[in-house]
Structures are given as structure tokens and as C-alpha cells.
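One file, model-v1.txt, carrying compact mmCIF, C-alpha atoms:
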```
# COMPACT_ATOMS: atom_id res chain seq x y z
CA HIS A 1 -121.85 -77.16 54.86
CA MET A 2 -124.36 -74.45 55.66
CA GLN A 3 -122.98 -70.99 55.55
CA GLY A 4 -123.73 -67.43 56.46
CA LEU A 5 -127.37 -66.53 56.88
CA ASP A 6 -128.70 -70.10 56.90
CA ALA A 7 -126.16 -71.27 59.48
CA ALA A 8 -127.09 -68.34 61.74
CA ALA A 9 -130.80 -69.13 61.28
CA HIS A 10 -130.18 -72.79 62.10
CA GLU A 11 -128.43 -71.79 65.32
CA ALA A 12 -131.28 -69.46 66.31
CA PHE A 13 -133.91 -72.08 65.43
CA VAL A 14 -132.15 -74.80 67.46
CA LEU A 15 -131.97 -72.46 70.43
CA PHE A 16 -135.66 -71.56 70.13
CA GLY A 17 -136.53 -75.24 69.63
CA GLU A 18 -135.08 -76.10 73.02
CA SER A 19 -138.05 -74.32 74.63
CA ARG A 20 -140.46 -76.36 72.49
CA LYS A 21 -141.66 -79.93 72.53
CA PRO A 22 -139.83 -81.77 69.72
CA THR A 23 -142.05 -82.96 66.86
CA SER A 24 -141.92 -86.72 66.31
CA ARG A 25 -141.90 -88.29 62.84
CA ALA A 26 -145.32 -89.75 63.65
CA VAL A 27 -146.74 -86.23 64.13
CA LEU A 28 -144.99 -84.93 60.98
CA ASP A 29 -146.39 -87.74 58.88
CA GLU A 30 -149.87 -87.28 57.42
CA ARG A 31 -152.10 -88.77 54.77
CA ILE A 32 -151.64 -87.03 51.41
CA THR A 33 -153.39 -86.78 48.08
CA VAL A 34 -152.18 -85.39 44.76
CA CYS A 35 -154.64 -83.31 42.73
CA PRO A 36 -154.72 -81.98 39.19
CA ALA A 37 -153.37 -78.41 39.05
CA ASP A 38 -155.90 -75.95 40.43
CA PRO A 39 -155.90 -72.38 39.06
CA SER A 40 -157.22 -71.10 42.41
CA TRP A 41 -154.00 -71.93 44.28
CA PRO A 42 -152.33 -68.54 43.59
CA SER A 43 -155.32 -66.66 44.98
CA GLY A 44 -155.26 -68.95 48.03
CA PHE A 45 -151.65 -67.83 48.46
CA GLN A 46 -152.61 -64.15 48.11
CA GLN A 47 -155.36 -64.45 50.73
CA GLU A 48 -153.11 -66.22 53.20
CA THR A 49 -150.31 -63.70 52.59
CA ALA A 50 -152.70 -60.86 53.42
CA ARG A 51 -153.53 -62.57 56.72
CA LEU A 52 -149.84 -63.08 57.51
CA ARG A 53 -148.97 -59.50 56.57
CA SER A 54 -151.50 -58.09 59.01
CA ALA A 55 -150.13 -60.29 61.81
CA LEU A 56 -146.36 -60.17 61.29
CA PRO A 57 -144.03 -57.24 62.08
CA GLY A 58 -143.11 -55.63 58.75
CA ASP A 59 -139.55 -54.88 59.86
CA LEU A 60 -138.96 -58.55 60.60
CA VAL A 61 -140.64 -60.15 57.56
CA LEU A 62 -139.85 -58.18 54.42
CA GLU A 63 -141.15 -60.73 51.94
CA ILE A 64 -143.52 -63.68 51.70
CA GLN A 65 -143.20 -65.85 48.59
CA HIS A 66 -145.33 -68.58 47.01
CA ILE A 67 -143.09 -71.65 46.60
CA GLY A 68 -143.53 -75.35 45.87
CA SER A 69 -145.68 -76.97 43.22
CA THR A 70 -148.85 -74.92 43.84
CA ALA A 71 -146.80 -71.90 42.70
CA VAL A 72 -146.23 -73.48 39.28
CA PRO A 73 -149.22 -73.07 36.92
CA GLY A 74 -150.34 -76.40 35.49
CA LEU A 75 -148.36 -78.56 37.92
CA ASP A 76 -150.31 -81.29 39.72
CA ALA A 77 -149.69 -81.17 43.46
CA LYS A 78 -150.85 -81.81 46.98
CA PRO A 79 -153.62 -79.22 47.48
CA ILE A 80 -151.62 -77.40 50.16
CA VAL A 81 -150.22 -73.93 49.49
CA ASP A 82 -146.56 -73.44 50.47
CA LEU A 83 -145.59 -70.00 51.75
CA MET A 84 -141.99 -68.98 52.36
CA VAL A 85 -141.51 -66.32 55.03
CA GLY A 86 -138.15 -64.54 54.91
CA ILE A 87 -137.03 -63.56 58.40
CA VAL A 88 -134.54 -60.69 58.63
CA GLU A 89 -133.45 -61.46 62.21
CA PRO A 90 -133.66 -65.21 62.87
CA GLY A 91 -133.00 -64.48 66.56
CA ARG A 92 -136.58 -63.16 66.67
CA ILE A 93 -138.09 -66.46 65.47
CA ALA A 94 -140.21 -66.73 68.65
CA GLU A 95 -142.16 -63.59 67.71
CA VAL A 96 -142.99 -64.88 64.25
CA VAL A 97 -143.98 -68.36 65.43
CA GLU A 98 -146.21 -66.97 68.19
CA HIS A 99 -148.06 -64.75 65.69
CA LEU A 100 -148.51 -67.68 63.31
CA GLU A 101 -149.77 -69.99 66.05
CA ARG A 102 -152.43 -67.40 66.86
CA LEU A 103 -153.49 -67.65 63.19
CA GLY A 104 -154.06 -71.38 63.65
CA TYR A 105 -150.70 -72.77 62.53
CA GLU A 106 -149.11 -75.77 64.19
CA SER A 107 -145.37 -75.42 64.71
CA LEU A 108 -143.22 -78.37 63.54
CA GLY A 109 -139.70 -77.06 64.11
CA GLU A 110 -136.87 -77.66 61.64
CA ALA A 111 -138.32 -81.09 60.86
CA GLY A 112 -135.15 -82.45 59.31
CA VAL A 113 -134.25 -79.31 57.32
CA PRO A 114 -131.61 -77.22 59.16
CA GLY A 115 -132.27 -73.52 58.69
CA ARG A 116 -135.99 -73.85 57.96
CA TRP A 117 -138.71 -73.60 60.63
CA ALA A 118 -141.86 -75.36 59.44
CA LEU A 119 -145.52 -74.80 60.33
CA ARG A 120 -148.74 -76.21 58.93
CA LYS A 121 -152.41 -75.31 58.98
CA ARG A 122 -154.99 -77.99 58.22
CA ASP A 123 -158.78 -78.34 58.57
CA VAL A 124 -159.45 -75.11 56.68
CA ALA A 125 -160.80 -74.48 53.17
CA GLN A 126 -157.25 -73.89 51.84
CA PRO A 127 -154.64 -75.75 53.91
CA SER A 128 -151.14 -74.29 53.94
CA ASN A 129 -147.54 -74.85 54.98
CA ILE A 130 -145.11 -72.15 56.03
CA ALA A 131 -141.32 -72.34 55.75
CA ILE A 132 -139.53 -69.64 57.76
CA VAL A 133 -136.02 -69.16 56.41
CA ALA A 134 -133.33 -66.49 56.54
CA TYR A 135 -134.29 -63.72 54.13
CA GLU A 136 -131.97 -63.81 51.09
CA GLY A 137 -130.16 -66.88 52.45
CA GLU A 138 -129.40 -70.09 50.52
CA TRP A 139 -132.76 -71.74 51.24
CA TRP A 140 -134.58 -68.57 50.23
CA LYS A 141 -132.73 -68.39 46.92
CA LEU A 142 -132.93 -72.11 46.16
CA ASN A 143 -136.69 -72.39 46.76
CA LEU A 144 -137.29 -69.45 44.40
CA ALA A 145 -134.86 -70.86 41.84
CA VAL A 146 -136.62 -74.26 41.84
CA ARG A 147 -140.03 -72.60 41.47
CA ASP A 148 -138.85 -70.36 38.63
CA PHE A 149 -137.07 -73.24 36.88
CA LEU A 150 -140.27 -75.32 36.95
CA ARG A 151 -142.34 -72.37 35.73
CA ALA A 152 -139.96 -71.93 32.80
CA ASN A 153 -139.60 -75.62 31.84
CA ALA A 154 -142.92 -77.30 31.05
CA GLU A 155 -141.31 -80.64 30.24
CA VAL A 156 -139.44 -80.78 33.56
CA ALA A 157 -142.70 -79.90 35.34
CA ARG A 158 -144.53 -82.69 33.47
CA ASN A 159 -141.86 -85.22 34.47
CA TYR A 160 -142.13 -84.07 38.07
CA ALA A 161 -145.93 -84.45 37.96
CA SER A 162 -145.65 -87.99 36.63
CA ALA A 163 -143.16 -88.87 39.40
CA LYS A 164 -145.80 -87.72 41.91
CA TRP A 165 -148.62 -89.77 40.37
CA HIS A 166 -146.25 -92.73 40.13
CA ALA A 167 -145.39 -92.43 43.85
CA VAL A 168 -149.09 -92.32 44.79
CA SER A 169 -150.06 -95.22 42.53
CA ASN A 170 -147.26 -97.24 44.15
CA GLY A 171 -148.96 -96.80 47.51
CA ALA A 172 -147.16 -93.71 48.88
CA ASP A 173 -150.23 -92.13 50.48
CA MET A 174 -148.38 -90.81 53.55
CA LEU A 175 -146.17 -87.71 53.47
CA LEU A 176 -142.83 -89.23 54.46
CA ALA A 177 -143.13 -92.18 52.06
CA TYR A 178 -144.31 -89.83 49.31
CA SER A 179 -141.38 -87.43 49.87
CA ASP A 180 -138.94 -90.36 49.78
CA ALA A 181 -140.49 -91.72 46.58
CA LYS A 182 -139.99 -88.50 44.64
CA ARG A 183 -136.80 -87.30 46.36
CA ALA A 184 -134.44 -88.27 43.51
CA VAL A 185 -136.55 -86.34 40.99
CA ILE A 186 -136.82 -83.13 43.01
CA GLU A 187 -133.11 -83.30 43.92
CA ARG A 188 -132.24 -83.49 40.23
CA ILE A 189 -134.48 -80.47 39.58
CA ALA A 190 -132.89 -78.58 42.48
CA ALA A 191 -129.41 -79.38 41.12
CA GLU A 192 -130.38 -77.93 37.71
CA ALA A 193 -131.93 -74.87 39.33
CA ARG A 194 -128.78 -74.41 41.45
CA VAL A 195 -126.65 -74.23 38.32
CA LEU A 196 -128.75 -71.26 37.20
CA LEU A 197 -128.20 -69.61 40.60
CA ALA A 198 -124.43 -69.89 40.45
CA PRO A 199 -122.56 -67.05 38.77
CA ASP A 200 -121.66 -68.27 35.29
CA PRO A 201 -118.00 -69.35 35.34
CA ARG A 202 -117.71 -68.58 31.61
CA VAL A 203 -118.40 -64.90 32.13
CA VAL A 204 -114.98 -63.46 32.79
CA PRO A 205 -114.94 -59.83 33.91
CA ARG A 206 -113.32 -57.72 31.18
CA ALA A 207 -110.01 -56.25 32.23
CA GLU A 208 -109.87 -52.48 32.31
CA PRO A 209 -107.71 -51.26 29.46
CA SER A 210 -104.41 -50.25 30.98
CA ARG A 211 -103.99 -46.51 31.07
CA ARG A 212 -100.32 -46.16 30.27
CA SER A 213 -99.40 -42.58 29.96
CA THR A 214 -97.99 -41.95 26.50
CA LYS A 215 -94.95 -39.78 26.65
```

Represent the supplied structure as C-alpha cells.
Amino acid sequence: HMQGLDAAAHEAFVLFGESRKPTSRAVLDERITVCPADPSWPSGFQQETARLRSALPGDLVLEIQHIGSTAVPGLDAKPIVDLMVGIVEPGRIAEVVEHLERLGYESLGEAGVPGRWALRKRDVAQPSNIAIVAYEGEWWKLNLAVRDFLRANAEVARNYASAKWHAVSNGADMLLAYSDAKRAVIERIAAEARVLLAPDPRVVPRAEPSRRSTK
């Protein structure tokens, strides 16, 4: 049910992916830890963004955003900064990926999320993930909406944090198991954030007063 920009990005990413070795689930999976919220995460994002900016064509990547839990002050998270790169022409995905690989990123492909090209960088002081999505597409808007919803709702963020700790204490110390364990919670949050994205059905445009000429 993808539409517009995201569907076009998915098509471009699939095409580009055909020239790449597919990433197996075993490679995607990794050991994870959850940490108490770290106030240095936003500056880690800023530093990485500066590196990306100097490497990526400005006409192709108009915006880089901090998404995910490390973008929400006070939210416990995996100590990995998530960056969202908005690509204006998804057909030029190869250019972006090649630049990022030169910066030490490992390319993972769509990795189960159509319309998002994923990369990761590990074994550095501040590990990071990159999601390349169509600029101003549905994924772009939803990821920002979820982040902003969590920033604005401390109680929702607290519930999300406890779902994470619960997953880990139940033995989910690998990424795929961990993601599965908290999926229901984050999907509920995304559904609430989506409602805020949708134009409010109760706001009915006011009809122009009819201009009948009075004779």
C-alpha cells in the first residue's frame, strides 16, 4: 500500500540492490544493549551529520534528521545514533551509498523495510545507523512524527523505555529478537503519531460566503 515517493524509492532501491550482495538475517542480527539516556547523543548526531554533509551532494540530500530513541531526551535506548537521510532523487541511491561506504558504513539494503535503505557503522566511539528514505515521503514524515510525539509525551516515552528493559530482561539480547519483543509497543506509538500527521477530519474548510449580486 506504499504510494508516491516511497513507492518510487522502493523501486529504485530494489533495482540498485540487484547489483549488491543481499544481506542475510544472520548478518543483520547483532548483539544489543540498552543504556540509560545519554545527554551526549544529540552532539554525536551533530558530529556525524557534519561528516555526512561534507561527503554527500547537497542537491541530492537536502536534510539529515536525528530520529529514533536517541533523539528523544531522557529516553533509554541502544547507544546507537539513528540518522535519517532524505534523498531527493532515489534513482541516485548508488551515489549516496558509495559516499557513505567510504565513511565506513556497511550497507544493509532495505532489510525488510520497503522504501528505506539501511546502513550501519560500528566499532567507533559513537556507532550509528543511517536510514535513506525519500525526502518528504511517508517514511520521512512518520519517523519525524514518532520522534516528536515521544518528545512531547513523557509518559508514552517512559512506557516505551520500560518495554525495552522488559525485552532485555526477558533475554532479548539480539537485535531481531529485541525488535520483535517491543514491536507491539512501537507500532501503537506509531499509530498514535500517525493520527497527528493526518489532516484533522473535524476541520471543515469554511465555505466562501456566496456573492450574490443584490439588485

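Residues in contact with Gly104 (chain A) at 12 Å, where all atoms listed in the file are counted and same-chain residues fewer than 6 positions away are skipped, are listed as Glu48, Arg51, Leu52, Ala55, Val97, Glu98, Leu119, Arg120, Lys121, Arg122, Asp123, Val124, Pro127, Ser128, Asn129 and Ile130 of chain A.
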
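The space between CA of Leu56 (chain A) and CA of Glu106 (chain A) spans 16.1 Å.
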
Item to complete: Show which residues sit within 12 Å of Ser69 (chain A), as a PyMOL selection string. Count all atoms listed in the file, and ignore same-chain residues fewer than 4 positions away.
Response: chain A and resi 34-39+41-42+73-83+143-144+146-151+157-158+160-161+164+186

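Atom pair CA of Ala193 (chain A) / CA of Asn159 (chain A): separated by 15.1 Å.
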
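Within the 8 Å cut-off around Trp139 (chain A), using only C-alpha atoms and omitting residues fewer than 5 positions from it on the same chain, the listed residues are Asp6, Gly115, Arg116, Val133 and Ala134 of chain A.
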
Saved selection, atoms kept: C-alpha atoms, as a short mmCIF file (atom, residue, chain, number, x, y, z; two decimals), in the coordinates of the input:
```cif
data_model
loop_
_atom_site.label_atom_id
_atom_site.label_comp_id
_atom_site.auth_asym_id
_atom_site.auth_seq_id
_atom_site.Cartn_x
_atom_site.Cartn_y
_atom_site.Cartn_z
CA ASP A 6 -128.70 -70.10 56.90
CA GLY A 115 -132.27 -73.52 58.69
CA ARG A 116 -135.99 -73.85 57.96
CA VAL A 133 -136.02 -69.16 56.41
CA ALA A 134 -133.33 -66.49 56.54
#
```

Practice prompt. Tell me which protein, DNA and RNA residues are within 10 Å of Glu63 (chain A), counting only C-alpha atoms, leaving out same-chain ones fewer than 4 positions away, and put them as a PyMOL selection string.
Written response: chain A and resi 49+53+58-59+84-88+135-136

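The shortest atom-to-atom distance to Leu100 (chain A), with all atoms listed in the file taken into account, belongs to A:Ser54 out of A:Ser54, A:Ser40, A:Glu11, A:Ile32.
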
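Of note, CA of Glu101 (chain A) and CA of Ala172 (chain A) are spaced 29.4 Å apart.
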
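With only C-alpha atoms as the basis for measurement, A:Val72 is the residue among A:Arg102, A:Leu62, A:Arg194, A:Val72 that approaches Asn153 (chain A) most closely.
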
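Nearest to Gly137 (chain A) of all the residues A:Pro57, A:Lys21, A:Pro90, A:Ser179 is A:Pro90, counting all atoms listed in the file.
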